[in-house]
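Trainee: Following this message is one structure expressed as structure tokens.
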Amino acid sequence: MPSTTPAATTRLAIDGGAPVSETPIPMVAAGLDQTDIDAATEVLRSGMLRQGPRAKAFEERFASMTDAAHALTCANGTCALQLAYEPLIQPGDEVIVPAWTYIATASMIVARGATPVFCDADPRTYCIDVEDAARRVTSRTSAIAATHLYGNPVEIDAVQALAQQNGLRVIYDAAQAHLARYKGRGLGAFGDAVTYSFYATKNISTGEGGMVTTNNADLARSVGLLRSHGETGKYLHESIGFNYRMTDIEAAIGLSQLDRADAMTKQRRANAAALDALVGTIDGLHAPTQTEGAEHVYHLYAVRMDRNAFACDRDEFVKALQAEGVQCAVHYPYPLTRQPAFAKWVEEHPPVSDALAKSLFCVPVHQRLSGDQINKIGEALAKVADAKRA
Ligand SMILES: Cc1ncc(COP(=O)(O)O)c(C=O)c1O
């Protein structure tokens, strides 16, 4: 039983905000650190509320921390995808995208006037199944959009090889994978563009916010123009664009969090390792698998249940865990191929994605958890698993 072999010892949470003794144990480390509040307050007092020097500093620091040559802030992760897709994908193109991701990765392909071609997820990593993606390449395919899901990087070498063989662009959605690495390099080193979200629940959060990174100076210029009405001088517009700018208030909060981002990530990894040890002792439950050569950042800790090992379905299992004082989340209850919004682009239902939608659930892993809380999560998992065993 996990309770007799504690994998985690009590320690202080590494940043301020919500107290660690909260019940139920929260899924998200909500709340800002005092340094974030001070950084935002300084901007508020300065009167520079729009995109300005803080956004520039956030971009430069983020680019350097993710091994990208260019980074551009924007209003959120959805418009980061839109800004990256617009120069790289043409209307009418086919774009391969996993059925197992958040809606925005695929919906912004549709917003571009292109066709999403859904492929399956890899049953080990939950990221794109590159072999299945390869089977879906046609003469109309122009790009692959792949998500570093839950904080776990895609098999980037395989995706890049597939793209190179077929002359495809690659856009990586790293909304959940700030500061993850692959084969010793930051995620910004790979693909044509990488997009991020700084939504309130993300590992680095500015409330709402986004970023596009690229190593292509022309693409960076296009994204910069699209972000702000194609403006090249005061009220001089070279091209059509949007207002997708991030404010300096948000950027100051993001910049402040970058100071402790490495420590937060380290703590998430330590928490995940402790959870791995606890989950590993429970028959019928499986800890997440990290992609080979990758450094996962555990935005989410997704547990997979063997459905035939238990007498209940995933939703009932989750309800029982919540009754034990552990907040849980389901990412996601449906694959994109079961979403009414995509019905007209769905030709088949990828089986792994369908199975994941019925067998995955997430438990807290964030940096503010104490060792006692992690042990309680392990105890709750073991108790519910015993009670619900088939
Ligand atoms: C994988 C993924 N892509 C894109 C987004 C969209 O980001 P935002 O909510 O900032 O628009 C999210 C947000 O949850 C996400 O998880």
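Starting from 1 in every chain, residues are counted up; chains themselves are A, B, ... following the order of the structure tokens, and ligands are numbered from 1 as listed.
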Check region 62-271 of chain A with DSSP on the backbone and list each residue it calls strand (DSSP E or B), as a ChimeraX atom specification.
Mentor: /A:70-74,94-98,115-119,121,128,141-147,169-173,181-182,185-186,193-197,199,207,210-214,228,231-233,236-237,243
Trainee: Using DSSP on the backbone coordinates, identify the residues of region 92-282 of chain A assigned to helix (DSSP H, G or I); present them as a VMD selection string.
Mentor: chain A and resid 103 to 111 130 to 135 149 to 151 156 to 166 187 to 189 217 to 227 248 to 279
Trainee: Taking only C-alpha atoms and all ligand atoms and a cut-off of 7 Å, can you tell me which residues surround ligand 1, written as a ChimeraX atom specification?
Mentor: /A:76-79,101-102,104-105,147,149,173-176,197-199,208-210
Trainee: Wanna dump the region 180-291 of chain A-region 354-375 of chain A contacts at 7 Å for me, each residue with its shortest atom pair and the distance in Å to one decimal, counting only C-alpha atoms, ordered by chain and number, as JSON lines?
Mentor:
```
{"residue": "A:Met264", "atom": "CA", "partner": "A:Gln367", "partner_atom": "CA", "distance": 5.6}
{"residue": "A:Gln267", "atom": "CA", "partner": "A:Gln367", "partner_atom": "CA", "distance": 5.2}
{"residue": "A:Arg268", "atom": "CA", "partner": "A:Gln367", "partner_atom": "CA", "distance": 5.2}
{"residue": "A:Asn271", "atom": "CA", "partner": "A:Val365", "partner_atom": "CA", "distance": 5.9}
{"residue": "A:Ala272", "atom": "CA", "partner": "A:Val365", "partner_atom": "CA", "distance": 6.2}
{"residue": "A:Leu275", "atom": "CA", "partner": "A:Ile374", "partner_atom": "CA", "distance": 6.8}
```
Trainee: Check the smallest atom-to-atom distance from each of A:Ala63, A:Ala40, A:Ile249, A:Ala134 to Val117 (chain A) using only C-alpha atoms, then report the winner.
Mentor: A:Ala134
Trainee: Restricting the calculation to only C-alpha atoms, which member of A:Pro116, A:Gly284, A:Gly191, A:Pro87 is positioned closest to Gln164 (chain A)?
Mentor: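 Using only C-alpha atoms, the shortest distance to Gln164 (chain A) belongs to A:Gly191.
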Trainee: Can you work out which one of A:Gly378, A:Ala71, A:Asp315, A:Asn166 has the shortest atom-to-atom distance to Arg221 (chain A), counting only C-alpha atoms?
Mentor: A:Ala71
Trainee: Mind checking which residues fall within 10 Å of Ser222 (chain A), counting only C-alpha atoms, ignoring those fewer than 6 positions away in the same chain, and posting them as a PDB file with N, CA and C atoms, in the first residue's frame?
Mentor:
```pdb
ATOM      1  N   LEU A  83      -1.931  33.005 -35.479  1.00  0.00           N
ATOM      2  CA  LEU A  83      -0.825  33.815 -36.012  1.00  0.00           C
ATOM      3  C   LEU A  83       0.240  32.950 -36.671  1.00  0.00           C
ATOM      4  N   ALA A  84       0.480  31.761 -36.118  1.00  0.00           N
ATOM      5  CA  ALA A  84       1.493  30.860 -36.704  1.00  0.00           C
ATOM      6  C   ALA A  84       0.946  30.195 -37.961  1.00  0.00           C
ATOM      7  N   GLU A  86      -1.394  31.254 -40.097  1.00  0.00           N
ATOM      8  CA  GLU A  86      -1.736  32.085 -41.264  1.00  0.00           C
ATOM      9  C   GLU A  86      -0.608  32.170 -42.296  1.00  0.00           C
ATOM     10  N   PRO A  87       0.644  32.411 -41.911  1.00  0.00           N
ATOM     11  CA  PRO A  87       1.688  32.458 -42.943  1.00  0.00           C
ATOM     12  C   PRO A  87       2.129  31.077 -43.436  1.00  0.00           C
ATOM     13  N   GLY A 230      -0.875  44.846 -39.190  1.00  0.00           N
ATOM     14  CA  GLY A 230       0.084  45.078 -40.280  1.00  0.00           C
ATOM     15  C   GLY A 230       0.752  46.433 -40.203  1.00  0.00           C
ATOM     16  N   SER A 239      -0.110  45.531 -44.289  1.00  0.00           N
ATOM     17  CA  SER A 239      -0.932  44.352 -44.598  1.00  0.00           C
ATOM     18  C   SER A 239      -2.094  44.288 -43.618  1.00  0.00           C
ATOM     19  N   GLY A 241      -4.216  42.739 -40.661  1.00  0.00           N
ATOM     20  CA  GLY A 241      -3.895  41.962 -39.459  1.00  0.00           C
ATOM     21  C   GLY A 241      -4.980  42.105 -38.419  1.00  0.00           C
TER      22      GLY A 241
END
```
Trainee: For Arg269 (chain A), list every protein, DNA or RNA residue within 8 Å, evaluated using only C-alpha atoms, and leave out those in the same chain fewer than 4 positions away; present the list as JSON, numbers by chain.
Mentor: {"A": [265, 273, 296, 297, 298]}
Trainee: Residues as selected, N, CA and C atoms, written as a compact mmCIF listing (two decimals), in the first residue's frame, can you do that?
Mentor:
```txt
# COMPACT_ATOMS: atom_id res chain seq x y z
N THR A 265 9.36 24.04 -12.38
CA THR A 265 9.38 22.85 -13.23
C THR A 265 10.06 21.69 -12.50
N ALA A 273 7.56 12.27 -10.04
CA ALA A 273 8.34 11.07 -9.71
C ALA A 273 7.75 10.40 -8.47
N HIS A 296 9.80 16.03 -19.77
CA HIS A 296 8.38 16.35 -19.50
C HIS A 296 8.32 17.47 -18.45
N VAL A 297 7.33 18.36 -18.55
CA VAL A 297 7.21 19.39 -17.50
C VAL A 297 5.93 19.24 -16.66
N TYR A 298 5.19 18.14 -16.91
CA TYR A 298 4.05 17.79 -16.06
C TYR A 298 3.10 18.97 -15.81
```
Trainee: Using only C-alpha atoms, which protein or nucleic acid residues come within 9 Å of Ala390 (chain A)? Drop anything in the same chain fewer than 6 positions from it, and give the result as a PyMOL selection string.
Mentor: chain A and resi 308-312
Trainee: Keeping only N, CA and C atoms, write the selected residues to a file as a PDB file, in the first residue's frame.
Mentor:
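Written output follows (result-v7.pdb):
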```
ATOM      1  N   ASN A 308     -10.979  -2.772 -17.757  1.00  0.00           N
ATOM      2  CA  ASN A 308     -11.504  -4.088 -17.342  1.00  0.00           C
ATOM      3  C   ASN A 308     -11.002  -4.520 -15.962  1.00  0.00           C
ATOM      4  N   ALA A 309     -10.116  -3.715 -15.347  1.00  0.00           N
ATOM      5  CA  ALA A 309      -9.648  -4.051 -13.999  1.00  0.00           C
ATOM      6  C   ALA A 309     -10.615  -3.541 -12.921  1.00  0.00           C
ATOM      7  N   PHE A 310     -11.524  -2.673 -13.339  1.00  0.00           N
ATOM      8  CA  PHE A 310     -12.416  -2.048 -12.346  1.00  0.00           C
ATOM      9  C   PHE A 310     -13.890  -2.273 -12.705  1.00  0.00           C
ATOM     10  N   ALA A 311     -14.710  -2.264 -11.662  1.00  0.00           N
ATOM     11  CA  ALA A 311     -16.134  -2.515 -11.872  1.00  0.00           C
ATOM     12  C   ALA A 311     -16.886  -1.226 -12.194  1.00  0.00           C
ATOM     13  N   CYS A 312     -16.152  -0.123 -12.336  1.00  0.00           N
ATOM     14  CA  CYS A 312     -16.829   1.151 -12.627  1.00  0.00           C
ATOM     15  C   CYS A 312     -16.146   1.813 -13.806  1.00  0.00           C
TER      16      CYS A 312
END
```
Trainee: Do you have the CA of Ala121 (chain A)-CA of Pro350 (chain A) distance handy?
Mentor: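 It comes out at 8.0 Å.
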Trainee: For Ser228 (chain A), which residue among A:Ile204, A:Leu278, A:Cys74, A:Val212 is the nearest when counting only C-alpha atoms?
Mentor: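 Under the stated criterion, the closest residue is A:Cys74.
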Trainee: For Asn215 (chain A), which of A:Trp345, A:Leu81, A:Val43, A:Leu72 is the closest residue, counting only C-alpha atoms?
Mentor: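 For Asn215 (chain A), the nearest of the candidates is A:Leu72.
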Trainee: Could you tell me how far CA of Ala133 (chain A) sits from CA of Ala111 (chain A), in Å to one decimal place?
Mentor: 21.3 Å
Trainee: Smallest atom-to-atom distance to Ala294 (chain A): which of A:Leu162, A:Val154, A:Leu236, A:Val223, using only C-alpha atoms?
Mentor: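 Closest candidate: A:Val154.
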